[in-house]
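Working notes, structure below.
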Amino acid sequence: MASRKGSQQSRGDGDKYSVLLPTYNERENLPLIVWLLVKYFGESGYEYEIIVIDDGSPDGTLEVAEQLQKIYGEDKILLRPRAKKLGLGTAYIHGIKHARGNYVFIMDADLSHHPKFIPEFIKKQREGGYDLVSGTRYRGDGGVYGWDLRRKLISRGANYVTQVLLRPGASDLTGSFRLYKKEVLESLVERCVSRGYVFQMEMIVRARQLNYTIGEVPISFVDRVYGESKLGGNEIVSFLKGLLTLFATT
């Protein structure tokens, strides 16, 4: 199938958006999330690239990504795989090295984050000149769909305790749908020491420490369509340990 590059009118304003998609066992989800990204970036006219960072998925995610690259073009789909699962923070560090955009989106590849919100992130960032814009499930029209009561309580509780202890100035600390100025993301990732569930929270806390400006966009979060959630008891324990560490060091 022919590449789709050049099929949409570009805004030509000099900005380019790199989307970092860390993947592990996402072969069912990846074709749809990429199609949606291409659709909404194409309709809005912004320059973009999608960087797939696969951590040695045994389900064939990388092979699917290679097919998507043939469909959409090597200028739009960049494959930067790693040999094994090495963690979200290091995936971002790896992806940033290859990002050619001056702005970087981070989001999940499991369809929890809908690309339809991307134009709203960009609009919000441009209106306020924000260093980062974070998707929030807890303000405005934001919400969570598909979670049971336990998951909702864990997420709400994590955010509440974090607000009380750290006063971060943002309403959704554990979300992972965000837009950063590239140099801001590089600066924050270098300073973060957390891994797993705590990583996104530390990014916001460090941003406040460094006086970076933060905007928020209400989003609808939908529980993953295919595959299993990666949140378990170990992640909850890690979150509490990480929260206490941040409280003691910030």
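By order in the structure tokens, chains are A, B, ...; within a chain, residues start at 1; ligands start at 1, following the order shown.
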Legend entry - Glu63 (chain A) surroundings by only C-alpha atoms, 12 Å radius, close-in-sequence under 5 positions cut, as a list of chain:residue names: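 The residues satisfying every condition are A:Asn25, A:Glu26, A:Arg27, A:Glu28, A:Leu30, A:Pro31, A:Val52, A:Asp54, A:Gly56, A:Ser57, A:Pro58, A:Leu68, A:Gln69, A:Lys70, A:Leu79, A:Pro81.
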Would you kindly return, as an MDAnalysis selection string, each protein, DNA or RNA residue with an atom no farther than 8 Å from any atom of region 19-21 of chain A, considering only C-alpha atoms and excluding same-chain residues fewer than 2 positions away?
-> chainID A and resid 17 23 48:53 92 95:96 104:109
Residue subset to file, keeping N, CA and C atoms, as a PDB file, in the first residue's frame:
```pdb
ATOM      1  N   TYR A  17       5.502  17.790  16.091  1.00  0.00           N
ATOM      2  CA  TYR A  17       5.111  17.051  17.283  1.00  0.00           C
ATOM      3  C   TYR A  17       5.542  15.588  17.153  1.00  0.00           C
ATOM      4  N   THR A  23       5.709   0.449  23.819  1.00  0.00           N
ATOM      5  CA  THR A  23       4.803  -0.686  23.658  1.00  0.00           C
ATOM      6  C   THR A  23       5.397  -1.955  24.257  1.00  0.00           C
ATOM      7  N   TYR A  48       3.999  15.976  12.269  1.00  0.00           N
ATOM      8  CA  TYR A  48       4.115  14.998  13.349  1.00  0.00           C
ATOM      9  C   TYR A  48       4.959  13.806  12.909  1.00  0.00           C
ATOM     10  N   GLU A  49       5.344  13.023  13.916  1.00  0.00           N
ATOM     11  CA  GLU A  49       5.960  11.719  13.717  1.00  0.00           C
ATOM     12  C   GLU A  49       5.573  10.852  14.908  1.00  0.00           C
ATOM     13  N   ILE A  50       5.501   9.554  14.691  1.00  0.00           N
ATOM     14  CA  ILE A  50       5.136   8.611  15.738  1.00  0.00           C
ATOM     15  C   ILE A  50       6.323   7.682  15.968  1.00  0.00           C
ATOM     16  N   ILE A  51       6.854   7.691  17.180  1.00  0.00           N
ATOM     17  CA  ILE A  51       8.025   6.882  17.504  1.00  0.00           C
ATOM     18  C   ILE A  51       7.587   5.696  18.355  1.00  0.00           C
ATOM     19  N   VAL A  52       7.668   4.503  17.792  1.00  0.00           N
ATOM     20  CA  VAL A  52       7.271   3.285  18.496  1.00  0.00           C
ATOM     21  C   VAL A  52       8.498   2.688  19.176  1.00  0.00           C
ATOM     22  N   ILE A  53       8.421   2.573  20.503  1.00  0.00           N
ATOM     23  CA  ILE A  53       9.533   2.048  21.297  1.00  0.00           C
ATOM     24  C   ILE A  53       9.080   0.717  21.885  1.00  0.00           C
ATOM     25  N   TYR A  92      11.261   6.648  27.521  1.00  0.00           N
ATOM     26  CA  TYR A  92      11.169   8.056  27.124  1.00  0.00           C
ATOM     27  C   TYR A  92      12.544   8.625  26.798  1.00  0.00           C
ATOM     28  N   GLY A  95      13.404   7.358  23.468  1.00  0.00           N
ATOM     29  CA  GLY A  95      12.603   7.976  22.418  1.00  0.00           C
ATOM     30  C   GLY A  95      12.989   9.413  22.137  1.00  0.00           C
ATOM     31  N   ILE A  96      13.289  10.162  23.192  1.00  0.00           N
ATOM     32  CA  ILE A  96      13.642  11.577  23.032  1.00  0.00           C
ATOM     33  C   ILE A  96      14.883  11.735  22.147  1.00  0.00           C
ATOM     34  N   VAL A 104       6.810  17.200  22.284  1.00  0.00           N
ATOM     35  CA  VAL A 104       6.720  15.751  22.415  1.00  0.00           C
ATOM     36  C   VAL A 104       5.455  15.365  23.178  1.00  0.00           C
ATOM     37  N   PHE A 105       4.666  14.501  22.588  1.00  0.00           N
ATOM     38  CA  PHE A 105       3.526  13.894  23.274  1.00  0.00           C
ATOM     39  C   PHE A 105       3.966  12.565  23.870  1.00  0.00           C
ATOM     40  N   ILE A 106       3.522  12.289  25.094  1.00  0.00           N
ATOM     41  CA  ILE A 106       3.622  10.943  25.627  1.00  0.00           C
ATOM     42  C   ILE A 106       2.203  10.454  25.878  1.00  0.00           C
ATOM     43  N   MET A 107       1.948   9.203  25.552  1.00  0.00           N
ATOM     44  CA  MET A 107       0.618   8.636  25.748  1.00  0.00           C
ATOM     45  C   MET A 107       0.734   7.115  25.721  1.00  0.00           C
ATOM     46  N   ASP A 108      -0.320   6.452  26.180  1.00  0.00           N
ATOM     47  CA  ASP A 108      -0.338   4.992  26.176  1.00  0.00           C
ATOM     48  C   ASP A 108      -0.762   4.478  24.802  1.00  0.00           C
ATOM     49  N   ALA A 109      -0.261   3.306  24.461  1.00  0.00           N
ATOM     50  CA  ALA A 109      -0.583   2.709  23.163  1.00  0.00           C
ATOM     51  C   ALA A 109      -1.778   1.763  23.244  1.00  0.00           C
TER      52      ALA A 109
END
```
Using only C-alpha atoms, the shortest atom-to-atom distance to Glu183 (chain A) among A:Ala99, A:Leu78, A:Leu32, A:Val217 belongs to A:Ala99
Shell around Ile204 (chain A) at 12 Å using only C-alpha atoms, local window under 2 positions removed, as an MDAnalysis selection string
chainID A and resid 131:135 159 162:163 166:176 178 180 184:185 188:189 191:192 198:202 206:216 246 250
Written selection (C-alpha atoms) as a JSON list (two decimals), in the first residue's frame:
```json
[["chain", "number", "residue", "atom", "x", "y", "z"],
["A", 131, "ASP", "CA", 5.99, 24.17, 29.24],
["A", 132, "LEU", "CA", 3.79, 21.12, 29.56],
["A", 133, "VAL", "CA", 0.11, 20.31, 29.20],
["A", 134, "SER", "CA", -1.29, 17.38, 31.15],
["A", 135, "GLY", "CA", -4.48, 15.47, 30.48],
["A", 159, "ASN", "CA", -4.07, 11.67, 43.69],
["A", 162, "THR", "CA", -0.23, 13.28, 46.68],
["A", 163, "GLN", "CA", -2.12, 16.59, 46.67],
["A", 166, "LEU", "CA", 3.23, 17.53, 47.81],
["A", 167, "ARG", "CA", 0.89, 20.37, 46.71],
["A", 168, "PRO", "CA", 1.88, 19.91, 43.06],
["A", 169, "GLY", "CA", -0.59, 22.37, 41.54],
["A", 170, "ALA", "CA", -2.06, 19.87, 39.06],
["A", 171, "SER", "CA", -5.19, 17.77, 39.43],
["A", 172, "ASP", "CA", -4.08, 14.48, 37.82],
["A", 173, "LEU", "CA", -0.66, 13.29, 38.93],
["A", 174, "THR", "CA", -0.65, 9.69, 37.73],
["A", 175, "GLY", "CA", -1.97, 10.23, 34.22],
["A", 176, "SER", "CA", 0.35, 9.61, 31.27],
["A", 178, "ARG", "CA", 0.89, 14.81, 28.21],
["A", 180, "TYR", "CA", 5.91, 18.71, 26.61],
["A", 184, "VAL", "CA", 11.47, 20.50, 29.19],
["A", 185, "LEU", "CA", 10.85, 16.77, 28.86],
["A", 188, "LEU", "CA", 12.62, 16.39, 33.70],
["A", 189, "VAL", "CA", 13.50, 12.88, 32.60],
["A", 191, "ARG", "CA", 16.09, 14.41, 37.07],
["A", 192, "CYS", "CA", 13.49, 11.72, 37.73],
["A", 198, "VAL", "CA", 5.33, 6.82, 40.41],
["A", 199, "PHE", "CA", 7.22, 8.12, 37.39],
["A", 200, "GLN", "CA", 4.44, 10.33, 35.98],
["A", 201, "MET", "CA", 3.78, 11.84, 39.39],
["A", 202, "GLU", "CA", 7.42, 12.71, 39.91],
["A", 206, "ARG", "CA", 9.85, 18.12, 39.46],
["A", 207, "ALA", "CA", 8.22, 20.45, 36.94],
["A", 208, "ARG", "CA", 6.85, 22.55, 39.79],
["A", 209, "GLN", "CA", 10.24, 22.56, 41.49],
["A", 210, "LEU", "CA", 11.81, 23.96, 38.34],
["A", 211, "ASN", "CA", 9.02, 26.54, 37.91],
["A", 212, "TYR", "CA", 7.80, 25.07, 34.63],
["A", 213, "THR", "CA", 4.28, 26.16, 33.71],
["A", 214, "ILE", "CA", 1.59, 23.48, 33.55],
["A", 215, "GLY", "CA", -1.70, 23.59, 31.66],
["A", 216, "GLU", "CA", -4.47, 20.99, 31.88],
["A", 246, "LEU", "CA", 9.34, 12.45, 47.05],
["A", 250, "THR", "CA", 11.18, 17.78, 47.72]]
```
Check: Where in region 131-208 of chain A does DSSP assign alpha helix (DSSP H), given as JSON, numbers by chain?
Finding: {"A": [149, 150, 151, 152, 153, 154, 155, 156, 157, 158, 159, 160, 161, 162, 163, 164, 165, 166, 182, 183, 184, 185, 186, 187, 188, 189, 190, 191, 199, 200, 201, 202, 203, 204, 205, 206, 207, 208]}
Would you compute the distance between CA of Gly60 (chain A) and CA of His114 (chain A)? Give it in Å to one decimal.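 If I compute the distance from CA of Gly60 (chain A) to CA of His114 (chain A), I get 23.1 Å.
The residues of region 64-117 of chain A that DSSP assigns to strand (DSSP E or B) on this backbone come out as A:Ile77, A:Leu78, A:Leu79, A:Arg82, A:Tyr103, A:Val104, A:Phe105, A:Ile106, A:His113.
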Writer output for current selection, all heavy atoms, as an mmCIF file, in the first residue's frame:
```cif
data_model
loop_
_atom_site.group_PDB
_atom_site.id
_atom_site.type_symbol
_atom_site.label_atom_id
_atom_site.label_comp_id
_atom_site.auth_asym_id
_atom_site.auth_seq_id
_atom_site.Cartn_x
_atom_site.Cartn_y
_atom_site.Cartn_z
ATOM 1 N N ILE A 77 6.329 7.049 10.755
ATOM 2 C CA ILE A 77 6.454 5.988 11.752
ATOM 3 C C ILE A 77 7.919 5.628 11.918
ATOM 4 O O ILE A 77 8.547 5.090 11.006
ATOM 5 C CB ILE A 77 5.662 4.721 11.346
ATOM 6 C CG1 ILE A 77 4.233 5.074 10.926
ATOM 7 C CG2 ILE A 77 5.685 3.697 12.475
ATOM 8 C CD1 ILE A 77 3.359 5.619 12.034
ATOM 9 N N LEU A 78 8.477 5.932 13.088
ATOM 10 C CA LEU A 78 9.859 5.591 13.389
ATOM 11 C C LEU A 78 9.869 4.420 14.370
ATOM 12 O O LEU A 78 9.142 4.449 15.375
ATOM 13 C CB LEU A 78 10.592 6.781 14.015
ATOM 14 C CG LEU A 78 11.081 7.904 13.092
ATOM 15 C CD1 LEU A 78 9.911 8.673 12.486
ATOM 16 C CD2 LEU A 78 11.987 8.854 13.859
ATOM 17 N N LEU A 79 10.661 3.422 14.085
ATOM 18 C CA LEU A 79 10.758 2.253 14.952
ATOM 19 C C LEU A 79 12.076 2.306 15.704
ATOM 20 O O LEU A 79 13.146 2.298 15.101
ATOM 21 C CB LEU A 79 10.666 0.962 14.133
ATOM 22 C CG LEU A 79 9.464 0.852 13.183
ATOM 23 C CD1 LEU A 79 9.455 -0.502 12.493
ATOM 24 C CD2 LEU A 79 8.156 1.063 13.948
ATOM 25 N N ARG A 82 13.804 -1.885 21.588
ATOM 26 C CA ARG A 82 14.846 -2.286 22.530
ATOM 27 C C ARG A 82 14.731 -3.792 22.758
ATOM 28 O O ARG A 82 13.690 -4.387 22.479
ATOM 29 C CB ARG A 82 14.701 -1.510 23.842
ATOM 30 C CG ARG A 82 14.717 0.001 23.629
ATOM 31 C CD ARG A 82 14.809 0.752 24.935
ATOM 32 N NE ARG A 82 13.637 0.570 25.781
ATOM 33 C CZ ARG A 82 13.521 1.086 27.012
ATOM 34 N NH1 ARG A 82 14.513 1.792 27.511
ATOM 35 N NH2 ARG A 82 12.422 0.889 27.724
ATOM 36 N N TYR A 103 8.187 19.622 20.036
ATOM 37 C CA TYR A 103 7.215 19.268 21.074
ATOM 38 C C TYR A 103 7.062 17.754 21.080
ATOM 39 O O TYR A 103 7.157 17.098 20.034
ATOM 40 C CB TYR A 103 5.855 19.913 20.820
ATOM 41 C CG TYR A 103 5.848 21.408 21.023
ATOM 42 C CD1 TYR A 103 6.078 22.281 19.962
ATOM 43 C CD2 TYR A 103 5.608 21.957 22.279
ATOM 44 C CE1 TYR A 103 6.081 23.656 20.148
ATOM 45 C CE2 TYR A 103 5.602 23.327 22.480
ATOM 46 C CZ TYR A 103 5.839 24.170 21.416
ATOM 47 O OH TYR A 103 5.850 25.532 21.610
ATOM 48 N N VAL A 104 6.810 17.200 22.284
ATOM 49 C CA VAL A 104 6.720 15.751 22.415
ATOM 50 C C VAL A 104 5.455 15.365 23.178
ATOM 51 O O VAL A 104 5.215 15.862 24.288
ATOM 52 C CB VAL A 104 7.954 15.175 23.146
ATOM 53 C CG1 VAL A 104 7.815 13.659 23.299
ATOM 54 C CG2 VAL A 104 9.234 15.522 22.403
ATOM 55 N N PHE A 105 4.666 14.501 22.588
ATOM 56 C CA PHE A 105 3.526 13.894 23.274
ATOM 57 C C PHE A 105 3.966 12.565 23.870
ATOM 58 O O PHE A 105 4.693 11.792 23.228
ATOM 59 C CB PHE A 105 2.380 13.601 22.295
ATOM 60 C CG PHE A 105 1.449 14.739 22.054
ATOM 61 C CD1 PHE A 105 1.598 15.547 20.932
ATOM 62 C CD2 PHE A 105 0.404 15.013 22.936
ATOM 63 C CE1 PHE A 105 0.726 16.600 20.698
ATOM 64 C CE2 PHE A 105 -0.460 16.063 22.714
ATOM 65 C CZ PHE A 105 -0.309 16.859 21.588
ATOM 66 N N ILE A 106 3.522 12.289 25.094
ATOM 67 C CA ILE A 106 3.622 10.943 25.627
ATOM 68 C C ILE A 106 2.203 10.454 25.878
ATOM 69 O O ILE A 106 1.335 11.206 26.318
ATOM 70 C CB ILE A 106 4.466 10.886 26.919
ATOM 71 C CG1 ILE A 106 3.808 11.691 28.047
ATOM 72 C CG2 ILE A 106 5.883 11.378 26.664
ATOM 73 C CD1 ILE A 106 4.450 11.457 29.406
ATOM 74 N N HIS A 113 -5.952 6.418 25.917
ATOM 75 C CA HIS A 113 -5.903 7.843 25.590
ATOM 76 C C HIS A 113 -6.323 8.034 24.139
ATOM 77 O O HIS A 113 -5.675 7.514 23.241
ATOM 78 C CB HIS A 113 -4.486 8.388 25.798
ATOM 79 C CG HIS A 113 -3.980 8.211 27.190
ATOM 80 N ND1 HIS A 113 -2.686 7.826 27.466
ATOM 81 C CD2 HIS A 113 -4.603 8.349 28.385
ATOM 82 C CE1 HIS A 113 -2.531 7.746 28.779
ATOM 83 N NE2 HIS A 113 -3.676 8.049 29.350
#
```
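Atom pair CA of Val161 (chain A) / CA of Leu111 (chain A): separated by 27.3 Å.
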Record the distance separating CA of Ala65 (chain A) and CA of Gly14 (chain A), expressed in Å with one decimal.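 One can read the CA of Ala65 (chain A) to CA of Gly14 (chain A) distance as 27.4 Å.
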Of A:Leu62, A:Leu153, A:Val222, A:Val193, the one nearest to Thr90 (chain A) when counting only C-alpha atoms is A:Val193
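Shortest atom-to-atom contact with Val38 (chain A) among A:Asp15, A:Val64, A:Ile71, A:Asp55: A:Ile71, counting only C-alpha atoms.
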